[in-house]
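Structure file my_file_5.pdb (PDB, C-alpha atoms, pLDDT in the B column) follows.
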ATOM      1  CA  MET A   1     307.900  95.715 175.256  1.00 79.00           C
ATOM      2  CA  SER A   2     311.081  97.634 176.075  1.00 81.00           C
ATOM      3  CA  LEU A   3     311.753 100.729 173.944  1.00 93.00           C
ATOM      4  CA  SER A   4     314.712 103.098 174.247  1.00 96.00           C
ATOM      5  CA  ILE A   5     314.519 106.314 172.217  1.00 98.00           C
ATOM      6  CA  ARG A   6     317.670 107.879 170.805  1.00 98.00           C
ATOM      7  CA  SER A   7     316.567 111.422 169.971  1.00 98.00           C
ATOM      8  CA  ALA A   8     317.978 113.260 166.977  1.00 98.00           C
ATOM      9  CA  GLU A   9     319.376 115.976 169.256  1.00 98.00           C
ATOM     10  CA  SER A  10     321.287 113.507 171.439  1.00 98.00           C
ATOM     11  CA  ARG A  11     323.332 112.075 168.558  1.00 98.00           C
ATOM     12  CA  GLY A  12     326.991 112.796 168.046  1.00 98.00           C
ATOM     13  CA  HIS A  13     327.620 115.626 165.579  1.00 98.00           C
ATOM     14  CA  GLU A  14     330.591 116.668 163.477  1.00 97.00           C
ATOM     15  CA  ASN A  15     330.609 119.465 160.911  1.00 97.00           C
ATOM     16  CA  HIS A  16     333.697 119.587 158.718  1.00 97.00           C
ATOM     17  CA  GLY A  17     332.312 122.202 156.344  1.00 97.00           C
ATOM     18  CA  TRP A  18     332.112 119.875 153.345  1.00 98.00           C
ATOM     19  CA  LEU A  19     330.513 117.166 155.539  1.00 98.00           C
ATOM     20  CA  ASP A  20     327.770 117.576 158.143  1.00 98.00           C
ATOM     21  CA  SER A  21     327.335 114.265 159.971  1.00 98.00           C
ATOM     22  CA  PHE A  22     325.172 112.972 162.812  1.00 98.00           C
ATOM     23  CA  HIS A  23     326.109 109.707 164.547  1.00 98.00           C
ATOM     24  CA  SER A  24     323.543 107.472 166.258  1.00 98.00           C
ATOM     25  CA  PHE A  25     326.434 105.408 167.663  1.00 98.00           C
ATOM     26  CA  SER A  26     330.078 106.086 168.520  1.00 98.00           C
ATOM     27  CA  PHE A  27     332.036 106.967 165.392  1.00 98.00           C
ATOM     28  CA  ALA A  28     335.295 108.773 164.548  1.00 95.00           C
ATOM     29  CA  GLN A  29     335.844 111.563 167.096  1.00 95.00           C
ATOM     30  CA  TYR A  30     332.492 110.946 168.776  1.00 97.00           C
ATOM     31  CA  TYR A  31     332.752 108.340 171.528  1.00 97.00           C
ATOM     32  CA  ASP A  32     330.156 107.275 174.074  1.00 97.00           C
ATOM     33  CA  PRO A  33     330.758 103.888 175.738  1.00 97.00           C
ATOM     34  CA  LYS A  34     326.988 103.513 176.170  1.00 95.00           C
ATOM     35  CA  ARG A  35     326.427 104.066 172.428  1.00 97.00           C
ATOM     36  CA  MET A  36     328.578 101.445 170.717  1.00 98.00           C
ATOM     37  CA  GLY A  37     325.787 100.009 168.578  1.00 98.00           C
ATOM     38  CA  PHE A  38     322.798  97.732 168.930  1.00 98.00           C
ATOM     39  CA  GLY A  39     323.603  94.047 168.570  1.00 98.00           C
ATOM     40  CA  PRO A  40     325.516  93.724 165.272  1.00 98.00           C
ATOM     41  CA  LEU A  41     324.270  97.161 164.126  1.00 98.00           C
ATOM     42  CA  ARG A  42     327.387  99.268 164.624  1.00 98.00           C
ATOM     43  CA  VAL A  43     326.892 102.566 162.727  1.00 98.00           C
ATOM     44  CA  ILE A  44     324.043 104.748 161.523  1.00 98.00           C
ATOM     45  CA  ASN A  45     325.418 108.026 160.207  1.00 98.00           C
ATOM     46  CA  GLU A  46     323.226 110.683 158.643  1.00 98.00           C
ATOM     47  CA  ASP A  47     325.525 112.538 156.243  1.00 98.00           C
ATOM     48  CA  ARG A  48     325.132 115.651 154.132  1.00 98.00           C
ATOM     49  CA  VAL A  49     327.946 116.307 151.665  1.00 98.00           C
ATOM     50  CA  LYS A  50     328.391 119.570 149.786  1.00 98.00           C
ATOM     51  CA  PRO A  51     328.471 119.640 145.964  1.00 98.00           C
ATOM     52  CA  GLY A  52     331.642 118.189 144.465  1.00 95.00           C
ATOM     53  CA  ALA A  53     333.019 117.070 147.843  1.00 98.00           C
ATOM     54  CA  GLY A  54     333.375 113.631 149.363  1.00 97.00           C
ATOM     55  CA  PHE A  55     335.402 110.926 151.038  1.00 96.00           C
ATOM     56  CA  GLY A  56     338.703 110.192 149.286  1.00 95.00           C
ATOM     57  CA  THR A  57     339.958 106.641 148.814  1.00 96.00           C
ATOM     58  CA  HIS A  58     340.174 104.811 152.145  1.00 96.00           C
ATOM     59  CA  GLY A  59     340.076 101.251 153.414  1.00 97.00           C
ATOM     60  CA  HIS A  60     337.641  99.065 155.352  1.00 97.00           C
ATOM     61  CA  SER A  61     337.596  95.462 156.504  1.00 98.00           C
ATOM     62  CA  ASP A  62     335.146  93.050 158.164  1.00 98.00           C
ATOM     63  CA  MET A  63     332.073  95.241 157.864  1.00 98.00           C
ATOM     64  CA  GLU A  64     328.830  95.233 155.857  1.00 98.00           C
ATOM     65  CA  ILE A  65     328.380  98.831 154.671  1.00 98.00           C
ATOM     66  CA  ILE A  66     324.961  99.928 153.396  1.00 98.00           C
ATOM     67  CA  SER A  67     324.268 103.314 151.804  1.00 98.00           C
ATOM     68  CA  TYR A  68     320.715 104.659 151.510  1.00 98.00           C
ATOM     69  CA  VAL A  69     320.320 107.956 149.644  1.00 98.00           C
ATOM     70  CA  LEU A  70     317.530 110.343 150.649  1.00 98.00           C
ATOM     71  CA  GLU A  71     318.334 113.300 148.355  1.00 98.00           C
ATOM     72  CA  GLY A  72     320.841 113.917 145.595  1.00 98.00           C
ATOM     73  CA  ALA A  73     323.313 111.422 144.132  1.00 98.00           C
ATOM     74  CA  LEU A  74     326.308 109.617 145.637  1.00 98.00           C
ATOM     75  CA  GLU A  75     329.165 108.425 143.428  1.00 97.00           C
ATOM     76  CA  HIS A  76     331.037 105.283 144.468  1.00 96.00           C
ATOM     77  CA  LYS A  77     334.306 103.718 143.257  1.00 96.00           C
ATOM     78  CA  ASP A  78     336.145 100.786 144.814  1.00 95.00           C
ATOM     79  CA  SER A  79     339.125  98.467 144.459  1.00 97.00           C
ATOM     80  CA  LEU A  80     336.890  95.748 142.979  1.00 95.00           C
ATOM     81  CA  GLY A  81     336.510  97.947 139.906  1.00 95.00           C
ATOM     82  CA  THR A  82     332.974  98.955 140.760  1.00 94.00           C
ATOM     83  CA  GLY A  83     331.861 102.422 139.740  1.00 94.00           C
ATOM     84  CA  SER A  84     328.290 103.588 140.279  1.00 96.00           C
ATOM     85  CA  VAL A  85     326.009 106.460 141.204  1.00 97.00           C
ATOM     86  CA  ILE A  86     323.247 105.828 143.720  1.00 97.00           C
ATOM     87  CA  ARG A  87     320.140 107.968 144.015  1.00 98.00           C
ATOM     88  CA  PRO A  88     316.950 107.924 146.123  1.00 98.00           C
ATOM     89  CA  GLY A  89     315.435 104.454 145.883  1.00 97.00           C
ATOM     90  CA  ASP A  90     318.814 102.762 145.444  1.00 97.00           C
ATOM     91  CA  VAL A  91     320.349 100.560 148.134  1.00 98.00           C
ATOM     92  CA  GLN A  92     324.054  99.785 148.010  1.00 97.00           C
ATOM     93  CA  ARG A  93     325.731  97.020 150.021  1.00 98.00           C
ATOM     94  CA  MET A  94     329.496  96.722 150.139  1.00 97.00           C
ATOM     95  CA  SER A  95     331.057  93.801 151.996  1.00 98.00           C
ATOM     96  CA  ALA A  96     334.481  94.976 153.113  1.00 98.00           C
ATOM     97  CA  GLY A  97     335.476  91.466 154.219  1.00 98.00           C
ATOM     98  CA  SER A  98     339.202  90.766 154.015  1.00 98.00           C
ATOM     99  CA  GLY A  99     339.801  94.317 152.802  1.00 98.00           C
ATOM    100  CA  ILE A 100     338.521  96.850 150.305  1.00 98.00           C
ATOM    101  CA  ARG A 101     339.317 100.427 149.369  1.00 97.00           C
ATOM    102  CA  HIS A 102     336.722 102.859 148.078  1.00 96.00           C
ATOM    103  CA  SER A 103     335.763 106.498 147.655  1.00 97.00           C
ATOM    104  CA  GLU A 104     332.412 108.267 147.914  1.00 97.00           C
ATOM    105  CA  PHE A 105     331.694 111.668 146.420  1.00 96.00           C
ATOM    106  CA  ASN A 106     328.738 113.909 145.807  1.00 98.00           C
ATOM    107  CA  HIS A 107     328.056 113.276 142.124  1.00 98.00           C
ATOM    108  CA  SER A 108     326.640 116.794 141.644  1.00 98.00           C
ATOM    109  CA  LYS A 109     328.615 120.021 141.372  1.00 97.00           C
ATOM    110  CA  THR A 110     325.576 122.084 142.339  1.00 98.00           C
ATOM    111  CA  GLU A 111     323.309 120.085 144.705  1.00 98.00           C
ATOM    112  CA  PRO A 112     324.072 118.516 148.118  1.00 98.00           C
ATOM    113  CA  VAL A 113     323.661 114.795 148.770  1.00 98.00           C
ATOM    114  CA  HIS A 114     321.884 113.516 151.887  1.00 98.00           C
ATOM    115  CA  PHE A 115     322.239 109.854 152.808  1.00 98.00           C
ATOM    116  CA  LEU A 116     322.388 107.295 155.592  1.00 98.00           C
ATOM    117  CA  GLN A 117     325.433 105.092 155.935  1.00 98.00           C
ATOM    118  CA  ILE A 118     324.915 101.920 157.943  1.00 98.00           C
ATOM    119  CA  TRP A 119     327.535  99.475 159.203  1.00 98.00           C
ATOM    120  CA  ILE A 120     326.665  95.935 160.308  1.00 98.00           C
ATOM    121  CA  ILE A 121     329.226  93.532 161.781  1.00 98.00           C
ATOM    122  CA  PRO A 122     329.269  90.378 159.600  1.00 98.00           C
ATOM    123  CA  GLU A 123     328.882  86.897 161.047  1.00 97.00           C
ATOM    124  CA  ASN A 124     332.399  85.892 159.931  1.00 98.00           C
ATOM    125  CA  LYS A 125     335.675  87.726 159.446  1.00 98.00           C
ATOM    126  CA  GLY A 126     337.724  87.570 156.272  1.00 98.00           C
ATOM    127  CA  LEU A 127     334.807  87.258 153.840  1.00 98.00           C
ATOM    128  CA  LYS A 128     335.453  87.817 150.153  1.00 97.00           C
ATOM    129  CA  PRO A 129     334.845  91.525 149.440  1.00 98.00           C
ATOM    130  CA  GLY A 130     331.729  92.180 147.386  1.00 97.00           C
ATOM    131  CA  TYR A 131     329.325  94.801 146.096  1.00 96.00           C
ATOM    132  CA  GLU A 132     325.608  94.806 145.357  1.00 97.00           C
ATOM    133  CA  GLN A 133     323.096  97.462 144.374  1.00 97.00           C
ATOM    134  CA  ARG A 134     319.304  97.307 144.011  1.00 98.00           C
ATOM    135  CA  THR A 135     316.589  99.847 143.247  1.00 98.00           C
ATOM    136  CA  PHE A 136     313.316  99.939 145.192  1.00 98.00           C
ATOM    137  CA  GLY A 137     310.790 102.325 143.682  1.00 96.00           C
ATOM    138  CA  LEU A 138     308.639 104.615 145.783  1.00 96.00           C
ATOM    139  CA  GLU A 139     305.520 102.544 145.184  1.00 96.00           C
ATOM    140  CA  GLU A 140     307.271  99.437 146.502  1.00 98.00           C
ATOM    141  CA  LYS A 141     307.684 101.218 149.852  1.00 98.00           C
ATOM    142  CA  ARG A 142     304.542 103.350 149.944  1.00 98.00           C
ATOM    143  CA  GLY A 143     302.325 102.218 152.827  1.00 98.00           C
ATOM    144  CA  LYS A 144     304.211  98.968 153.340  1.00 98.00           C
ATOM    145  CA  LEU A 145     307.412  97.602 154.804  1.00 98.00           C
ATOM    146  CA  ARG A 146     309.579  96.626 151.839  1.00 98.00           C
ATOM    147  CA  LEU A 147     312.405  94.203 152.566  1.00 98.00           C
ATOM    148  CA  ILE A 148     315.562  95.824 151.140  1.00 98.00           C
ATOM    149  CA  GLY A 149     318.266  93.736 152.859  1.00 98.00           C
ATOM    150  CA  SER A 150     318.388  90.219 154.312  1.00 98.00           C
ATOM    151  CA  ARG A 151     320.700  87.333 155.163  1.00 98.00           C
ATOM    152  CA  ASN A 152     319.570  85.288 152.156  1.00 97.00           C
ATOM    153  CA  GLY A 153     318.819  88.124 149.706  1.00 98.00           C
ATOM    154  CA  ARG A 154     315.193  87.050 149.451  1.00 98.00           C
ATOM    155  CA  ASP A 155     312.484  89.012 147.646  1.00 98.00           C
ATOM    156  CA  GLY A 156     315.077  90.873 145.610  1.00 98.00           C
ATOM    157  CA  SER A 157     316.775  92.427 148.640  1.00 98.00           C
ATOM    158  CA  VAL A 158     320.525  92.967 148.911  1.00 98.00           C
ATOM    159  CA  THR A 159     322.403  90.258 150.801  1.00 98.00           C
ATOM    160  CA  ILE A 160     323.677  91.109 154.285  1.00 98.00           C
ATOM    161  CA  HIS A 161     326.141  88.645 155.783  1.00 98.00           C
ATOM    162  CA  ARG A 162     324.345  88.655 159.132  1.00 98.00           C
ATOM    163  CA  ASP A 163     320.922  87.574 160.376  1.00 98.00           C
ATOM    164  CA  VAL A 164     319.378  91.025 159.876  1.00 98.00           C
ATOM    165  CA  ASP A 165     316.235  91.902 157.931  1.00 98.00           C
ATOM    166  CA  LEU A 166     316.209  95.544 156.843  1.00 99.00           C
ATOM    167  CA  TYR A 167     312.914  97.135 155.785  1.00 99.00           C
ATOM    168  CA  ALA A 168     312.111 100.556 154.327  1.00 98.00           C
ATOM    169  CA  SER A 169     308.750 102.289 154.302  1.00 98.00           C
ATOM    170  CA  VAL A 170     307.331 105.586 153.033  1.00 98.00           C
ATOM    171  CA  LEU A 171     304.206 106.692 154.900  1.00 98.00           C
ATOM    172  CA  SER A 172     301.761 109.527 154.465  1.00 97.00           C
ATOM    173  CA  SER A 173     299.587 110.774 157.324  1.00 94.00           C
ATOM    174  CA  ASP A 174     296.873 108.200 156.698  1.00 88.00           C
ATOM    175  CA  GLN A 175     299.106 105.125 156.444  1.00 98.00           C
ATOM    176  CA  THR A 176     300.150 102.561 159.047  1.00 98.00           C
ATOM    177  CA  VAL A 177     302.397  99.497 158.880  1.00 98.00           C
ATOM    178  CA  THR A 178     302.880  96.730 161.431  1.00 98.00           C
ATOM    179  CA  HIS A 179     305.598  94.177 162.110  1.00 98.00           C
ATOM    180  CA  GLU A 180     306.089  91.353 164.593  1.00 98.00           C
ATOM    181  CA  LEU A 181     309.454  90.704 166.246  1.00 98.00           C
ATOM    182  CA  SER A 182     309.743  87.022 167.091  1.00 97.00           C
ATOM    183  CA  ALA A 183     311.488  85.465 170.095  1.00 97.00           C
ATOM    184  CA  GLY A 184     315.237  86.003 170.203  1.00 96.00           C
ATOM    185  CA  ARG A 185     315.058  89.085 168.010  1.00 97.00           C
ATOM    186  CA  GLY A 186     315.199  92.810 168.577  1.00 97.00           C
ATOM    187  CA  GLY A 187     314.784  95.847 166.405  1.00 98.00           C
ATOM    188  CA  TRP A 188     315.952  99.337 165.607  1.00 98.00           C
ATOM    189  CA  LEU A 189     313.716 101.940 163.970  1.00 98.00           C
ATOM    190  CA  GLN A 190     315.362 104.947 162.302  1.00 98.00           C
ATOM    191  CA  VAL A 191     313.226 107.861 161.139  1.00 98.00           C
ATOM    192  CA  ALA A 192     314.939 109.153 158.005  1.00 98.00           C
ATOM    193  CA  ARG A 193     312.531 112.013 157.304  1.00 98.00           C
ATOM    194  CA  GLY A 194     309.127 113.266 158.380  1.00 98.00           C
ATOM    195  CA  SER A 195     307.425 112.136 161.572  1.00 98.00           C
ATOM    196  CA  VAL A 196     305.622 109.031 162.823  1.00 98.00           C
ATOM    197  CA  ILE A 197     303.924 107.567 165.849  1.00 98.00           C
ATOM    198  CA  PHE A 198     305.646 104.339 166.848  1.00 98.00           C
ATOM    199  CA  ASN A 199     303.801 102.212 169.425  1.00 97.00           C
ATOM    200  CA  ASP A 200     302.247 105.438 170.809  1.00 94.00           C
ATOM    201  CA  LYS A 201     305.589 107.312 170.854  1.00 96.00           C
ATOM    202  CA  SER A 202     305.913 110.428 168.675  1.00 98.00           C
ATOM    203  CA  LEU A 203     309.118 110.445 166.630  1.00 98.00           C
ATOM    204  CA  LYS A 204     310.657 112.908 164.181  1.00 98.00           C
ATOM    205  CA  ALA A 205     313.413 112.826 161.576  1.00 98.00           C
ATOM    206  CA  GLY A 206     316.717 111.686 163.058  1.00 98.00           C
ATOM    207  CA  ASP A 207     315.161 109.833 165.993  1.00 98.00           C
ATOM    208  CA  GLY A 208     315.967 106.177 166.524  1.00 98.00           C
ATOM    209  CA  VAL A 209     314.465 103.524 168.791  1.00 98.00           C
ATOM    210  CA  ALA A 210     316.031 100.357 170.181  1.00 98.00           C
ATOM    211  CA  ILE A 211     313.585  97.486 170.749  1.00 98.00           C
ATOM    212  CA  ASP A 212     315.178  94.724 172.799  1.00 94.00           C
ATOM    213  CA  THR A 213     312.193  92.445 173.370  1.00 92.00           C
ATOM    214  CA  PRO A 214     309.906  90.648 170.899  1.00 95.00           C
ATOM    215  CA  GLY A 215     306.361  91.726 170.145  1.00 96.00           C
ATOM    216  CA  GLY A 216     304.220  93.779 167.819  1.00 97.00           C
ATOM    217  CA  LEU A 217     305.337  97.040 166.230  1.00 98.00           C
ATOM    218  CA  ARG A 218     303.057  99.698 164.776  1.00 98.00           C
ATOM    219  CA  ILE A 219     304.306 102.662 162.735  1.00 98.00           C
ATOM    220  CA  GLU A 220     301.846 105.400 161.756  1.00 98.00           C
ATOM    221  CA  GLY A 221     302.743 108.335 159.529  1.00 98.00           C
ATOM    222  CA  THR A 222     301.828 111.767 160.895  1.00 97.00           C
ATOM    223  CA  GLN A 223     303.288 113.600 157.898  1.00 92.00           C
ATOM    224  CA  GLU A 224     305.133 112.328 154.830  1.00 96.00           C
ATOM    225  CA  ALA A 225     307.766 110.083 156.402  1.00 98.00           C
ATOM    226  CA  GLU A 226     310.439 107.561 155.494  1.00 98.00           C
ATOM    227  CA  VAL A 227     311.686 104.988 157.988  1.00 98.00           C
ATOM    228  CA  LEU A 228     314.121 102.092 158.162  1.00 99.00           C
ATOM    229  CA  LEU A 229     313.356  99.115 160.402  1.00 98.00           C
ATOM    230  CA  PHE A 230     316.006  96.563 161.372  1.00 98.00           C
ATOM    231  CA  ASP A 231     314.805  93.135 162.576  1.00 98.00           C
ATOM    232  CA  ILE A 232     317.904  91.670 164.231  1.00 98.00           C
ATOM    233  CA  ALA A 233     318.850  88.315 165.767  1.00 98.00           C
ATOM    234  CA  LEU A 234     320.240  89.202 169.200  1.00 93.00           C
TER     235      LEU A 234
END
For the file at hand, write its structure as structure tokens.
Amino acid sequence: MSLSIRSAESRGHENHGWLDSFHSFSFAQYYDPKRMGFGPLRVINEDRVKPGAGFGTHGHSDMEIISYVLEGALEHKDSLGTGSVIRPGDVQRMSAGSGIRHSEFNHSKTEPVHFLQIWIIPENKGLKPGYEQRTFGLEEKRGKLRLIGSRNGRDGSVTIHRDVDLYASVLSSDQTVTHELSAGRGGWLQVARGSVIFNDKSLKAGDGVAIDTPGGLRIEGTQEAEVLLFDIAL
């Protein structure tokens, strides 16, 4: 099996004062022609936003945008009329499609918000813009890989308009999960917090791994950890 580790320290980094952001792939002012994504997975940004600050209204098109909050609360408003606050355990999917405008702000005036924003290129351009939000409790992810996003929205996951299965797991030091990548598929593992051993490789928060061949995956917690695993048709 072929594994390529993207260490936390090697990511792009921008600190705007109100926003501290790490980029696993090329984004905004950070550009690396060798880091343009993995298959249809285009962006994984780890963002920390100061209290009361955020992204003003701006536009997107032809992108599946997933927000996964680790700490704090993120407030969302968009041109579809959607208004919501997402917290740890919530998964938000916004299909930008033919065009959407939205804003994202730290909902708190006193506490920072820490979240991952993920962009996936959809299978077709010009889709009808849409929004979806689901909550996955800690016990749904504890010691197991919980499907939180999929092409067909199965098992209560949010719908992603691409052949991508997105799993989340929370692992303590005595817990292990396994997954099998079938032929024609690859994977990306993102360590959101804590540390794990992944197929005998030690990983820490912020590390990512590209898996471009099928086979068995094993993720073992070495301290309280939270990971996202993408199973992707390549």
| Using all atoms listed in the file, which residues sit within 7 Å of Tyr131 in chain A once same-chain residues fewer than 3 positions away are excluded, as a VMD selection string? | chain A and resid 93 to 95
Applying 12 Å and all atoms listed in the file, which residues near Gly17 in chain A remain after dropping the ones on its own chain fewer than 2 positions away? List them as a PDB file with C-alpha atoms, in the coordinates of the input.
ATOM      1  CA  GLU A  14     330.591 116.668 163.477  1.00 97.00           C
ATOM      2  CA  ASN A  15     330.609 119.465 160.911  1.00 97.00           C
ATOM      3  CA  LEU A  19     330.513 117.166 155.539  1.00 98.00           C
ATOM      4  CA  ASP A  20     327.770 117.576 158.143  1.00 98.00           C
ATOM      5  CA  SER A  21     327.335 114.265 159.971  1.00 98.00           C
ATOM      6  CA  ASP A  47     325.525 112.538 156.243  1.00 98.00           C
ATOM      7  CA  ARG A  48     325.132 115.651 154.132  1.00 98.00           C
ATOM      8  CA  VAL A  49     327.946 116.307 151.665  1.00 98.00           C
ATOM      9  CA  LYS A  50     328.391 119.570 149.786  1.00 98.00           C
ATOM     10  CA  PRO A  51     328.471 119.640 145.964  1.00 98.00           C
ATOM     11  CA  ALA A  53     333.019 117.070 147.843  1.00 98.00           C
ATOM     12  CA  GLY A  54     333.375 113.631 149.363  1.00 97.00           C
TER      13      GLY A  54
END
*So what do you get for CA of Leu166 in chain A versus CA of Thr222 in chain A, distance-wise?*
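Rounded to one decimal, the two atoms are 22.1 Å apart.
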_One number please: CA of Ser7 in chain A to CA of Phe105 in chain A, in Å, one decimal._
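These two atoms are separated by 28.0 Å.
Interatomic distance, CA of Leu229 in chain A against CA of Ile5 in chain A: 13.9 Å.
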Name the residues in contact with range 88-92 of chain A at a cut-off of 12 Å, using only C-alpha atoms, excluding same-chain residues fewer than 6 positions from it; report them as number ranges by chain.
A: 64-77, 82, 104, 113-119, 130-142, 146-149, 156-160, 166-170, 226, 228
- Task: Using the chain letters and residue numbers of this document, give as a PyMOL selection string the residues selected by the PyMOL selection byres ((chain A and resi 164) around 9).
- Result: chain A and resi 40-41+120+149-151+160-163+165-166+230-233
Nearest to Gly215 in chain A, chosen from A:Asp78, A:Glu180, A:Glu123, A:Asp62, with only C-alpha atoms counted in the distances: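 Once distances to Gly215 in chain A are computed over only C-alpha atoms, the minimum belongs to A:Glu180.
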Q.
If we count all atoms listed in the file and set the cut-off at 12 Å, which residues sit around Met36 in chain A, ignoring sequence neighbours fewer than 3 positions away in its own chain? Please answer as a ChimeraX atom specification.
A. /A:12,23-28,30-33,39-44,119-121
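Distance annotation: of A:Gly37, A:Val209, A:Ser98, A:Glu46, the residue with the minimal separation from Lys128 in chain A is A:Ser98; atom set is only C-alpha atoms.
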| query | Do you know which residues the PyMOL selection byres ((chain A and resi 181) around 8) returns on this file, as a list of chain:residue names? | reply | A:His179, A:Glu180, A:Ser182, A:Ala183, A:Arg185, A:Gly186, A:Gly187, A:Thr213, A:Pro214, A:Gly215, A:Gly216, A:Leu217, A:Asp231
